[in-house]
file final-v7.txt (compact mmCIF, C-alpha atoms and all ligand atoms)
# COMPACT_ATOMS: atom_id res chain seq x y z
CA MET A 143 16.86 3.77 3.97
CA ALA A 144 18.42 3.57 0.52
CA GLY A 145 18.83 7.34 0.75
CA ILE A 146 20.54 7.11 4.14
CA LEU A 147 22.89 4.40 2.84
CA GLU A 148 23.72 6.45 -0.23
CA SER A 149 24.62 9.42 1.94
CA LEU A 150 27.03 7.10 3.78
CA GLY A 151 28.75 6.30 0.50
CA TYR A 152 27.04 3.02 -0.40
CA LYS A 153 25.71 2.40 -3.89
CA LEU A 154 22.45 0.62 -4.64
CA SER A 155 23.11 -2.94 -5.80
CA SER A 156 20.93 -5.17 -7.93
CA ASP A 157 22.58 -8.30 -6.57
CA PRO A 158 21.70 -8.71 -2.87
CA MET A 159 23.65 -11.93 -2.46
CA ASN A 160 26.89 -10.10 -3.37
CA SER A 161 26.38 -6.87 -1.46
CA ASP A 162 28.23 -5.38 1.51
CA VAL A 163 25.04 -4.52 3.35
CA VAL A 164 21.74 -6.35 2.91
CA LEU A 165 18.66 -4.98 4.66
CA LEU A 166 15.42 -6.95 4.67
CA ASN A 167 12.62 -4.45 5.14
CA THR A 168 9.83 -6.69 6.36
CA CYS A 169 6.05 -6.78 6.35
CA ALA A 170 4.04 -8.49 9.10
CA ILE A 171 0.51 -7.99 7.79
CA ARG A 172 -0.12 -11.66 7.00
CA GLU A 173 1.65 -14.86 7.85
CA ASN A 174 2.74 -15.57 4.27
CA ALA A 175 4.63 -12.24 4.13
CA GLU A 176 6.64 -13.47 7.11
CA GLN A 177 7.15 -16.94 5.67
CA ARG A 178 8.87 -15.40 2.68
CA ILE A 179 11.32 -13.54 4.92
CA TRP A 180 12.28 -16.70 6.79
CA GLY A 181 12.94 -18.24 3.38
CA VAL A 182 15.18 -15.37 2.20
CA LEU A 183 17.05 -15.47 5.51
CA GLY A 184 17.77 -19.14 4.82
CA GLN A 185 19.44 -18.19 1.53
CA LEU A 186 21.40 -15.36 3.13
CA LYS A 187 22.74 -17.69 5.80
CA GLY A 188 24.81 -19.60 3.23
CA ARG A 189 26.12 -16.39 1.64
CA LYS A 190 27.11 -14.95 5.00
CA ARG A 191 29.16 -18.08 5.72
CA GLU A 192 31.14 -17.50 2.52
CA ASN A 193 31.41 -13.76 3.09
CA PRO A 194 31.50 -13.03 6.84
CA ASP A 195 32.06 -9.29 6.24
CA MET A 196 28.64 -8.92 4.71
CA ILE A 197 26.29 -7.06 7.08
CA VAL A 198 22.80 -8.57 7.23
CA GLY A 199 20.08 -6.44 8.78
CA ILE A 200 16.41 -7.08 9.31
CA CYS A 201 14.04 -4.21 9.89
CA GLY A 202 10.46 -3.03 9.43
CA CYS A 203 7.41 -4.58 11.01
CA MET A 204 8.59 -8.10 11.88
CA PRO A 205 11.10 -6.98 14.53
CA GLN A 206 8.27 -5.04 16.19
CA GLU A 207 6.65 -8.38 16.99
CA GLU A 208 8.08 -9.95 20.09
CA ASN A 209 7.68 -13.51 18.80
CA ALA A 210 9.50 -12.77 15.56
CA THR A 211 12.37 -10.99 17.30
CA ASN A 212 12.78 -13.85 19.75
CA LYS A 213 12.93 -16.30 16.87
CA LEU A 214 15.50 -14.09 15.13
CA LEU A 215 17.68 -13.91 18.21
CA GLU A 216 17.42 -17.61 18.96
CA SER A 217 17.67 -19.19 15.54
CA TYR A 218 19.26 -16.66 13.16
CA ASP A 219 22.64 -16.08 14.69
CA PHE A 220 24.19 -14.69 11.52
CA VAL A 221 21.89 -11.62 11.40
CA ASP A 222 23.97 -8.60 12.44
CA ILE A 223 21.34 -5.90 12.93
CA VAL A 224 17.74 -6.12 14.06
CA PHE A 225 15.85 -2.85 14.20
CA GLY A 226 12.22 -1.79 14.25
CA THR A 227 10.07 0.71 12.39
CA HIS A 228 10.85 3.44 14.90
CA ASN A 229 14.65 3.07 14.70
CA ARG A 230 15.19 3.69 11.02
CA ASN A 231 16.71 7.12 11.58
CA ASN A 232 19.47 5.45 13.57
CA LEU A 233 20.61 3.33 10.66
CA PRO A 234 24.11 4.90 10.30
CA GLU A 235 24.83 4.30 13.99
CA LEU A 236 23.54 0.71 13.83
CA ILE A 237 25.75 -0.14 10.84
CA TYR A 238 28.74 1.49 12.49
CA GLN A 239 28.20 -0.54 15.63
CA ALA A 240 27.83 -3.75 13.67
CA TYR A 241 31.20 -3.17 11.97
CA LEU A 242 32.86 -2.07 15.18
CA THR A 243 31.63 -4.69 17.61
CA LYS A 244 31.22 -7.60 15.19
CA SER A 245 28.36 -8.70 17.39
CA LYS A 246 24.63 -8.54 17.00
CA VAL A 247 23.09 -5.08 17.29
CA VAL A 248 19.45 -5.06 18.32
CA GLU A 249 17.35 -1.93 18.64
CA VAL A 250 13.58 -2.14 18.70
CA LEU A 251 11.64 0.69 20.24
CA SER A 252 8.05 0.05 21.24
CA THR A 253 7.04 3.68 20.99
CA GLN A 254 7.43 5.86 17.98
CA GLY A 255 9.89 8.70 17.69
CA THR A 256 9.34 11.97 15.90
CA ILE A 257 9.16 12.19 12.12
CA LEU A 258 12.54 12.88 10.53
CA GLU A 259 12.12 15.55 7.86
CA ASN A 260 14.67 16.04 5.08
CA ALA A 261 16.09 12.54 5.34
CA PRO A 262 18.02 11.66 2.18
CA LYS A 263 15.86 9.79 -0.34
CA VAL A 264 16.31 7.56 -3.35
CA ARG A 265 13.37 7.58 -5.75
CA GLU A 266 12.81 4.64 -8.08
CA SER A 267 11.11 6.61 -10.82
CA LYS A 268 11.87 10.00 -12.33
CA HIS A 269 8.23 10.84 -12.95
CA LYS A 270 6.24 9.10 -10.19
CA ALA A 271 6.85 9.51 -6.45
CA TRP A 272 5.43 8.22 -3.20
CA VAL A 273 4.92 10.90 -0.57
CA ASN A 274 4.30 9.83 3.02
CA ILE A 275 1.87 12.17 4.71
CA MET A 276 1.34 10.24 7.93
CA PHE A 277 2.68 7.23 9.80
CA GLY A 278 1.03 4.71 12.11
CA CYS A 279 -2.62 3.88 12.66
CA ASP A 280 -5.10 4.42 15.51
CA GLU A 281 -7.96 2.32 14.13
CA PHE A 282 -7.25 -1.02 15.82
CA CYS A 283 -9.23 -3.21 13.46
CA THR A 284 -9.33 -6.43 15.47
CA TYR A 285 -7.51 -8.57 12.85
CA CYS A 286 -4.74 -6.10 12.13
CA ILE A 287 -1.21 -5.87 13.46
CA VAL A 288 -0.37 -2.45 12.00
CA PRO A 289 -1.27 -0.34 15.07
CA TYR A 290 1.12 -2.51 17.10
CA THR A 291 4.01 -2.52 14.62
CA ARG A 292 3.70 1.05 13.37
CA GLY A 293 2.52 2.89 16.48
CA ARG A 294 0.13 5.81 16.79
CA GLU A 295 -0.90 8.15 14.00
CA ARG A 296 1.64 10.87 13.32
CA SER A 297 0.97 13.36 10.54
CA ARG A 298 3.62 15.36 8.79
CA HIS A 299 3.20 19.12 8.78
CA LYS A 300 1.34 20.37 5.74
CA ASP A 301 4.12 22.82 4.90
CA ASP A 302 6.66 19.99 4.77
CA ILE A 303 4.42 17.97 2.48
CA ILE A 304 3.63 20.90 0.21
CA SER A 305 7.28 21.89 -0.14
CA GLU A 306 8.25 18.28 -0.90
CA VAL A 307 5.64 18.19 -3.67
CA LYS A 308 6.73 21.60 -5.04
CA GLU A 309 10.28 20.30 -5.21
CA LEU A 310 9.09 17.17 -7.02
CA VAL A 311 7.26 19.37 -9.53
CA SER A 312 10.37 21.46 -10.14
CA ASN A 313 12.33 18.24 -10.67
CA GLY A 314 9.92 17.17 -13.40
CA TYR A 315 7.76 14.70 -11.46
CA LYS A 316 4.27 14.17 -12.90
CA GLU A 317 2.49 11.97 -10.40
CA ILE A 318 2.47 11.63 -6.63
CA THR A 319 0.77 9.04 -4.45
CA LEU A 320 0.08 10.26 -0.94
CA LEU A 321 0.66 7.49 1.56
CA GLY A 322 -0.69 6.65 4.98
CA GLN A 323 -2.55 3.79 6.66
CA ASN A 324 -5.59 6.02 6.97
CA VAL A 325 -4.97 9.21 5.02
CA ASN A 326 -8.45 10.44 5.86
CA ALA A 327 -7.35 10.84 9.47
CA TYR A 328 -4.58 13.16 8.31
CA GLY A 329 -4.00 16.06 10.70
CA LYS A 330 -6.18 14.79 13.55
CA ASP A 331 -3.12 14.22 15.75
CA LEU A 332 -1.83 17.74 15.03
CA GLY A 333 -4.87 19.23 16.74
CA SER A 334 -5.67 21.61 13.88
CA ASP A 335 -8.82 21.66 11.77
CA TYR A 336 -6.80 21.32 8.56
CA THR A 337 -7.92 18.00 7.08
CA PHE A 338 -6.96 15.66 4.24
CA GLY A 339 -9.44 17.42 1.96
CA ASP A 340 -7.66 20.74 2.59
CA LEU A 341 -4.35 19.10 1.76
CA LEU A 342 -5.71 17.86 -1.58
CA TYR A 343 -6.87 21.37 -2.50
CA ASP A 344 -3.46 22.82 -1.57
CA LEU A 345 -1.48 20.15 -3.40
CA ASP A 346 -3.61 20.67 -6.51
CA LYS A 347 -2.21 24.23 -6.63
CA THR A 348 1.42 23.04 -6.73
CA GLY A 349 1.12 22.22 -10.43
CA ILE A 350 1.63 18.47 -10.00
CA GLU A 351 -0.15 16.75 -12.87
CA ARG A 352 -1.58 13.75 -11.03
CA ILE A 353 -2.41 13.07 -7.41
CA ARG A 354 -3.40 9.65 -6.06
CA TYR A 355 -3.72 8.57 -2.45
CA THR A 356 -3.89 5.40 -0.43
CA THR A 357 -5.28 4.13 1.89
CA SER A 358 -8.66 5.55 2.83
CA HIS A 359 -10.80 4.38 5.70
CA PRO A 360 -14.51 4.39 4.76
CA ARG A 361 -15.57 5.87 8.08
CA ASP A 362 -13.19 8.82 7.83
CA LEU A 363 -13.63 9.55 4.13
CA ASP A 364 -15.37 12.93 4.41
CA GLU A 365 -17.41 15.22 2.19
CA LYS A 366 -14.53 17.66 1.68
CA THR A 367 -12.24 14.90 0.38
CA MET A 368 -14.94 13.67 -2.00
CA GLN A 369 -15.56 17.28 -3.13
CA ALA A 370 -11.82 17.72 -3.70
CA MET A 371 -11.86 14.68 -5.98
CA ALA A 372 -14.51 16.40 -8.06
CA ASP A 373 -12.97 19.90 -7.97
CA CYS A 374 -9.25 19.28 -8.34
CA LYS A 375 -8.14 18.43 -11.84
CA SER A 376 -4.99 16.75 -10.57
CA VAL A 377 -6.79 14.35 -8.21
CA MET A 378 -7.27 11.22 -10.30
CA PRO A 379 -10.72 9.59 -10.68
CA HIS A 380 -9.80 6.38 -8.88
CA LEU A 381 -10.29 5.50 -5.23
CA HIS A 382 -9.08 2.51 -3.28
CA LEU A 383 -11.56 2.16 -0.43
CA PRO A 384 -11.02 -1.04 1.58
CA VAL A 385 -14.34 -2.47 2.76
CA GLN A 386 -13.08 -5.78 4.26
CA SER A 387 -16.60 -7.29 4.55
CA GLY A 388 -20.16 -6.59 3.48
CA ASP A 389 -21.72 -7.98 6.64
CA ASP A 390 -22.69 -5.64 9.47
CA ASP A 391 -21.99 -8.13 12.26
CA ILE A 392 -18.58 -9.03 10.87
CA LEU A 393 -17.76 -5.34 10.34
CA LYS A 394 -18.68 -4.74 13.96
CA ILE A 395 -16.46 -7.54 15.27
CA MET A 396 -13.70 -6.25 12.99
CA ASN A 397 -14.11 -2.84 14.68
CA ARG A 398 -14.45 -1.11 11.31
CA LYS A 399 -17.05 1.34 12.69
CA TYR A 400 -19.28 1.51 9.60
CA THR A 401 -22.10 -0.59 8.14
CA TYR A 402 -22.98 -1.88 4.68
CA ASP A 403 -25.32 1.10 4.26
CA ASP A 404 -22.73 3.63 5.45
CA TYR A 405 -20.30 2.27 2.87
CA MET A 406 -22.87 2.34 0.06
CA THR A 407 -23.85 5.92 0.96
CA LYS A 408 -20.26 7.06 0.46
CA ILE A 409 -19.93 5.09 -2.77
CA ASN A 410 -23.10 6.64 -4.15
CA ARG A 411 -21.93 10.12 -3.17
CA LEU A 412 -18.59 9.51 -4.88
CA LYS A 413 -20.32 8.32 -8.04
CA GLU A 414 -22.48 11.45 -7.95
CA LEU A 415 -19.49 13.76 -7.62
CA VAL A 416 -17.12 11.89 -9.96
CA PRO A 417 -19.46 10.06 -12.36
CA ASP A 418 -16.87 7.88 -14.08
CA ILE A 419 -14.87 7.07 -10.93
CA SER A 420 -13.16 3.70 -10.65
CA ILE A 421 -13.39 2.07 -7.22
CA THR A 422 -11.19 -0.71 -5.89
CA THR A 423 -11.07 -2.32 -2.46
CA ASP A 424 -9.57 -4.82 -0.01
CA ILE A 425 -11.60 -7.79 1.25
CA ILE A 426 -10.90 -10.41 3.91
CA VAL A 427 -12.69 -13.76 3.68
CA GLY A 428 -12.87 -16.33 6.44
CA PHE A 429 -12.77 -13.95 9.39
CA PRO A 430 -13.28 -16.15 12.50
CA ASN A 431 -16.70 -17.82 12.37
CA GLU A 432 -17.85 -15.99 9.23
CA THR A 433 -20.98 -17.83 8.06
CA GLU A 434 -21.93 -18.53 4.44
CA GLU A 435 -24.74 -15.98 4.80
CA GLN A 436 -22.30 -13.33 6.04
CA PHE A 437 -19.98 -14.11 3.15
CA GLN A 438 -22.95 -13.76 0.77
CA ASN A 439 -23.41 -10.20 2.07
CA THR A 440 -19.86 -9.45 0.92
CA LEU A 441 -20.64 -10.81 -2.54
CA LYS A 442 -23.82 -8.72 -2.63
CA LEU A 443 -21.87 -5.60 -1.76
CA CYS A 444 -19.33 -6.33 -4.51
CA ASN A 445 -22.11 -6.63 -7.06
CA ASN A 446 -23.75 -3.42 -5.87
CA VAL A 447 -20.56 -1.33 -5.91
CA GLY A 448 -19.09 -2.71 -9.12
CA PHE A 449 -15.49 -2.78 -7.90
CA GLU A 450 -12.98 -2.58 -10.74
CA GLY A 451 -10.35 -4.44 -8.74
CA ALA A 452 -9.59 -5.71 -5.26
CA PHE A 453 -6.90 -7.19 -3.11
CA THR A 454 -8.59 -10.23 -1.61
CA PHE A 455 -7.18 -12.13 1.34
CA ILE A 456 -7.91 -15.13 3.48
CA TYR A 457 -7.92 -14.03 7.11
CA SER A 458 -4.52 -14.60 8.67
CA LYS A 459 -4.23 -14.92 12.43
CA ARG A 460 -1.84 -12.33 13.89
CA GLU A 461 -0.62 -13.02 17.42
CA GLY A 462 -1.34 -10.13 19.77
CA THR A 463 -4.47 -8.90 17.96
CA PRO A 464 -7.96 -9.35 19.51
CA ALA A 465 -9.14 -11.57 16.62
CA ALA A 466 -6.34 -14.06 17.31
CA LYS A 467 -8.20 -15.04 20.49
CA MET A 468 -11.52 -15.61 18.72
CA PRO A 469 -12.55 -19.24 18.23
CA ASP A 470 -12.92 -20.16 14.57
CA SER A 471 -15.08 -22.96 13.21
CA ILE A 472 -14.52 -22.38 9.49
CA SER A 473 -12.20 -24.85 7.76
CA GLU A 474 -9.26 -23.73 5.61
CA GLU A 475 -10.85 -25.53 2.68
CA GLU A 476 -14.05 -23.50 3.05
CA LYS A 477 -12.03 -20.27 3.24
CA HIS A 478 -10.17 -21.10 0.03
CA GLU A 479 -13.39 -21.98 -1.70
CA ARG A 480 -14.90 -18.62 -0.68
CA LEU A 481 -11.84 -16.79 -1.93
CA THR A 482 -12.22 -18.50 -5.31
CA ARG A 483 -15.90 -17.51 -5.53
CA LEU A 484 -15.11 -13.93 -4.53
CA ASN A 485 -12.26 -13.66 -7.02
CA GLN A 486 -14.54 -14.70 -9.87
CA ILE A 487 -16.66 -11.61 -9.21
CA ILE A 488 -13.64 -9.39 -8.67
CA ASN A 489 -11.92 -10.57 -11.87
CA ALA A 490 -15.08 -9.91 -13.87
CA GLY A 491 -15.01 -6.41 -12.32
CA TYR A 492 -11.43 -5.87 -13.52
CA LYS A 493 -12.46 -6.80 -17.05
CA ALA A 494 -15.63 -4.65 -16.99
CA GLY A 495 -13.44 -1.76 -15.81
CA HIS A 496 -11.41 -2.11 -19.02
CA GLU A 497 -14.35 -2.82 -21.30
CA ARG A 498 -16.00 0.49 -20.49
CA PHE A 499 -13.09 2.35 -22.10
CA VAL A 500 -13.15 0.58 -25.45
CA GLY A 501 -13.35 3.15 -28.23
CA LYS A 502 -12.49 5.96 -25.83
CA VAL A 503 -9.33 8.03 -25.66
CA VAL A 504 -7.53 7.83 -22.32
CA GLU A 505 -4.54 9.75 -21.00
CA VAL A 506 -1.61 7.52 -20.15
CA LEU A 507 1.45 8.57 -18.16
CA VAL A 508 4.13 6.49 -19.88
CA ASP A 509 6.28 4.31 -17.63
CA GLY A 510 8.42 2.58 -20.25
CA PRO A 511 8.70 -0.43 -22.55
CA SER A 512 5.99 -3.01 -21.98
CA LYS A 513 6.53 -6.70 -21.29
CA HIS A 514 3.55 -7.32 -23.51
CA GLY A 515 5.52 -7.48 -26.72
CA ASP A 516 8.21 -5.91 -28.89
CA ASP A 517 7.68 -2.28 -29.78
CA MET A 518 5.09 -1.90 -27.06
CA MET A 519 5.10 0.64 -24.26
CA CYS A 520 2.88 1.00 -21.22
CA GLY A 521 1.68 3.24 -18.46
CA TYR A 522 -1.38 3.94 -16.36
CA SER A 523 -4.48 5.86 -17.37
CA SER A 524 -6.13 8.41 -15.06
CA HIS A 525 -8.40 5.64 -13.76
CA LEU A 526 -5.29 3.57 -12.93
CA LYS A 527 -5.76 1.11 -15.78
CA LEU A 528 -2.56 -0.47 -17.04
CA THR A 529 -2.50 0.39 -20.75
CA HIS A 530 -0.23 -1.04 -23.46
CA PHE A 531 0.22 0.59 -26.86
CA LYS A 532 2.47 0.23 -29.89
CA SER A 533 5.51 2.50 -29.80
CA SER A 534 9.22 2.26 -29.19
CA ASP A 535 9.75 5.96 -28.66
CA MET A 536 11.70 6.13 -25.38
CA SER A 537 11.31 9.90 -25.29
CA LEU A 538 7.67 9.30 -24.30
CA ILE A 539 8.72 8.00 -20.86
CA GLY A 540 7.42 10.37 -18.20
CA LYS A 541 5.06 12.08 -20.65
CA THR A 542 1.27 11.89 -20.73
CA VAL A 543 -0.01 10.66 -24.09
CA LYS A 544 -3.44 10.03 -25.55
CA VAL A 545 -4.28 6.40 -26.29
CA LYS A 546 -7.42 5.07 -27.96
CA VAL A 547 -8.47 1.84 -26.24
CA THR A 548 -9.07 -1.06 -28.62
CA GLU A 549 -8.90 -4.27 -26.62
CA PRO A 550 -9.96 -4.93 -23.02
CA LYS A 551 -8.28 -7.77 -21.14
CA THR A 552 -8.73 -8.85 -17.53
CA TRP A 553 -5.54 -7.31 -16.14
CA PHE A 554 -4.84 -4.54 -18.65
CA MET A 555 -6.07 -2.87 -21.82
CA ILE A 556 -4.49 -2.36 -25.21
CA GLY A 557 -4.81 0.76 -27.30
CA GLU A 558 -3.38 2.85 -30.13
CA LEU A 559 -1.32 5.95 -29.65
CA CYS A 560 -3.17 9.00 -30.97
CA GLU A 561 -1.14 11.41 -33.08
N1 LIG A 601 -4.83 0.78 6.33
C1 LIG A 601 -5.40 0.15 5.23
C2 LIG A 601 -4.65 -1.07 4.76
C3 LIG A 601 -3.95 -1.92 5.73
S1 LIG A 601 -3.25 -3.44 5.35
C4 LIG A 601 -6.86 -0.12 5.53
O1 LIG A 601 -7.32 -0.05 6.64
O2 LIG A 601 -7.59 -0.41 4.65
C5 LIG A 601 -3.85 -3.89 3.80
C6 LIG A 601 -4.93 -4.92 3.82
O3 LIG A 601 -4.46 -6.12 4.37
C7 LIG A 601 -6.14 -4.58 4.66
O4 LIG A 601 -7.00 -3.69 4.01
C8 LIG A 601 -6.77 -5.93 4.88
O5 LIG A 601 -7.66 -6.26 3.84
C9 LIG A 601 -5.58 -6.86 4.82
N2 LIG A 601 -5.27 -7.42 6.14
C10 LIG A 601 -4.86 -6.77 7.24
N3 LIG A 601 -4.71 -7.63 8.27
C11 LIG A 601 -5.05 -8.86 7.80
C12 LIG A 601 -5.12 -10.15 8.38
N4 LIG A 601 -4.82 -10.36 9.65
N5 LIG A 601 -5.50 -11.19 7.58
C13 LIG A 601 -5.82 -10.99 6.29
N6 LIG A 601 -5.78 -9.79 5.71
C14 LIG A 601 -5.40 -8.72 6.44
FE1 LIG A 602 -4.99 -2.06 10.01
FE2 LIG A 602 -5.94 -0.39 8.18
FE3 LIG A 602 -7.43 -1.09 10.28
FE4 LIG A 602 -5.31 0.52 10.60
S1 LIG A 602 -7.19 0.98 9.44
S2 LIG A 602 -5.88 -1.19 11.90
S3 LIG A 602 -3.91 -0.34 9.10
S4 LIG A 602 -6.70 -2.43 8.60
call {"tool": "encode", "arguments": {"input": "final-v7.txt", "output": "structure tokens"}}
result
Amino acid sequence: MAGILESLGYKLSSDPMNSDVVLLNTCAIRENAEQRIWGVLGQLKGRKRENPDMIVGICGCMPQEENATNKLLESYDFVDIVFGTHNRNNLPELIYQAYLTKSKVVEVLSTQGTILENAPKVRESKHKAWVNIMFGCDEFCTYCIVPYTRGRERSRHKDDIISEVKELVSNGYKEITLLGQNVNAYGKDLGSDYTFGDLLYDLDKTGIERIRYTTSHPRDLDEKTMQAMADCKSVMPHLHLPVQSGDDDILKIMNRKYTYDDYMTKINRLKELVPDISITTDIIVGFPNETEEQFQNTLKLCNNVGFEGAFTFIYSKREGTPAAKMPDSISEEEKHERLTRLNQIINAGYKAGHERFVGKVVEVLVDGPSKHGDDMMCGYSSHLKLTHFKSSDMSLIGKTVKVKVTEPKTWFMIGELCE
């Protein structure tokens, strides 16, 4: 969207409260993401009163929810444009209409359109880029709103992805992260037998230095993808593989379509193929009626896998999903207490993930000066470990340097730049 706005002549501003157009690109995954948006809208309301020419737009996943859109229409009069995830390509038209009519412009499509290739883009970094390979999700995990807000799975054509990556390489980019809600389902909707694993092998040949990808679904993570991680030098030895729960009954009610054993089998295979791999995950605690015993199975799984990081969440009820109708006997207090216990294990995993590199030399793609102290710079190692080291040489930004790890912390590691 920043790219589209730039092509219309707008410039990116760092001061939203004093901008001509403010777009809130929203997330609906959990209730607290939405709460934050209502808060920001409150602040914008005052600004809009002082500057009525400012265009305020709200887009992304929240407008795809009927309840949220109704609330926006009823209680947030000052919002000029409301548009959904499938209307982004229409942004120029929506802004034009808002200026022209001076009345609210609302456009939310319930079904997805086609993928717009070659849309103008603004990239935040000059050496790292996100590359969407697919949109939407067909999994329908019972707690999750994504299939409703993002629509069905749509994969981009491999040729479009490969040429985008080749162009990034020729523009000096070093690292790409392939994006999709379930990248392992890549290509299924195109009806060809070209899979995500094939894409990894092809992208490895483009000369890009580092490839990462997110997110993977444990059921769809296949042998070819795991093989590609072992075979392709550019595919980094880190995998984010959301497990959600370690209990078979909960996994079943979540509609995750795998068991504890299925998950462990894939983890063991990954460790066989990429022996030093780092594995991170997503976990939900307090799914409706989750018992202490079921929660214990999640802790057991964490200990068996040895996750080196995780995004951990308390279950958040999303209207319109099957889980929202499930009765729930677990108190909020209990859910918070479980989250605390889980995080103790996860945080120890983060630290262990740094400790294992002490004394070793890691390759760090330098992002820039570090907040960790004067004359310090930072970047991420191949295993996606945030690494700080002493240097003030700005010419290192965007380069891969060797760093000897000296000090492991919970959230990062410190090392010395090798000559
Ligand atoms: N497609 C990815 C990630 C989707 S959203 C996947 O399937 O793994 C990112 C994470 O948010 C999920 O992995 C899940 O852990 C969490 N999440 C999704 N819906 C949630 C809900 N209703 N309550 C709490 N956490 C949720
Ligand atoms: Fe949501 Fe991920 Fe499940 Fe899709 S696979 S429904 S995005 S949790």
call {"tool": "residues_near_ligand", "arguments": {"input": "final-v7.txt", "ligand": "ligand LIG 601 (chain A)", "cutoff": "9 Å", "atoms": "all atoms listed in the file", "output": "VMD selection string"}}
result
chain A and resid 170 to 173 279 281 283 to 288 322 to 325 356 to 360 382 to 386 398 423 to 429 453 to 460 463 465 to 466
call {"tool": "residues_around", "arguments": {"input": "final-v7.txt", "residues": "A:Gly329", "least_positions_apart": "2", "cutoff": "9 Å", "atoms": "only C-alpha atoms", "output": "count of residues only"}}
result
17
call {"tool": "residues_around", "arguments": {"input": "final-v7.txt", "residues": "stretch 207-216 of chain A", "least_positions_apart": "2", "cutoff": "9 Å", "atoms": "all atoms listed in the file", "output": "list in words"}}
result
Ala170, Glu176, Cys203, Met204, Pro205, Tyr218, Asp219, Val221, Val224, Lys246, Ile287, Tyr290, Thr291, Glu461 and Gly462 of chain A
call {"tool": "atom_distance", "arguments": {"input": "final-v7.txt", "atom1": "atom CA of A:Met468", "atom2": "atom CA of A:Lys399"}}
result
18.8 Å
call {"tool": "residues_around", "arguments": {"input": "final-v7.txt", "residues": "A:Ser471", "least_positions_apart": "4", "cutoff": "10 Å", "atoms": "only C-alpha atoms", "output": "PyMOL selection string"}}
result
chain A and resi 428+430-433
call {"tool": "write_last_selection", "arguments": {"input": "final-v7.txt", "atoms": "C-alpha atoms", "output": "PDB file, in the frame of the given file"}}
result
ATOM      1  CA  GLY A 428     -12.870 -16.330   6.440  1.00  0.00           C
ATOM      2  CA  PRO A 430     -13.280 -16.150  12.500  1.00  0.00           C
ATOM      3  CA  ASN A 431     -16.700 -17.820  12.370  1.00  0.00           C
ATOM      4  CA  GLU A 432     -17.850 -15.990   9.230  1.00  0.00           C
ATOM      5  CA  THR A 433     -20.980 -17.830   8.060  1.00  0.00           C
TER       6      THR A 433
END
call {"tool": "atom_distance", "arguments": {"input": "final-v7.txt", "atom1": "atom CA of A:Lys366", "atom2": "atom CA of A:Arg294"}}
result
24.2 Å
call {"tool": "residues_near_point", "arguments": {"input": "final-v7.txt", "point": "(-9.7, 15.8, -18.1)", "cutoff": "9 Å", "atoms": "all atoms listed in the file", "output": "ChimeraX atom specification"}}
result
/A:375-376,505,524
call {"tool": "atom_distance", "arguments": {"input": "final-v7.txt", "atom1": "atom CA of A:Leu345", "atom2": "atom CA of A:Asp373"}}
result
12.4 Å
call {"tool": "residues_around", "arguments": {"input": "final-v7.txt", "residues": "A:Arg292", "least_positions_apart": "5", "cutoff": "8 Å", "atoms": "only C-alpha atoms", "output": "PyMOL selection string"}}
result
chain A and resi 203+227-228+254+277-279
call {"tool": "residues_around", "arguments": {"input": "final-v7.txt", "residues": "A:Val508", "least_positions_apart": "3", "cutoff": "6 Å", "atoms": "all atoms listed in the file", "output": "list in words"}}
result
Cys520, Gly521, Ile539, Gly540 and Lys541 of chain A
call {"tool": "closest_residue", "arguments": {"input": "final-v7.txt", "among": "A:Val504, A:Met396, A:Leu342, A:Val247", "to": "ligand LIG 602 (chain A)", "atoms": "all atoms listed in the file"}}
result
A:Met396
call {"tool": "closest_residue", "arguments": {"input": "final-v7.txt", "among": "A:Met536, A:Leu559, A:Leu321, A:Ile353", "to": "ligand LIG 602 (chain A)", "atoms": "only C-alpha atoms and all ligand atoms"}}
result
A:Leu321
call {"tool": "axis_aligned_box", "arguments": {"input": "final-v7.txt", "around": "ligand LIG 602 (chain A)", "padding_each_side": "6 Å", "output": "JSON"}}
result
{"center_x": -5.7, "center_y": -0.7, "center_z": 10.0, "size_x": 15.5, "size_y": 15.4, "size_z": 15.7}
call {"tool": "closest_residue", "arguments": {"input": "final-v7.txt", "among": "A:Thr319, A:Thr401, A:Ser473, A:Thr552", "to": "A:Gly451", "atoms": "only C-alpha atoms"}}
result
A:Thr552
call {"tool": "residues_near_point", "arguments": {"input": "final-v7.txt", "point": "(-23.5, -9.4, 13.9)", "cutoff": "12 Å", "atoms": "all atoms listed in the file", "output": "ChimeraX atom specification"}}
result
/A:387-397,401-402,431-433,435-436,439
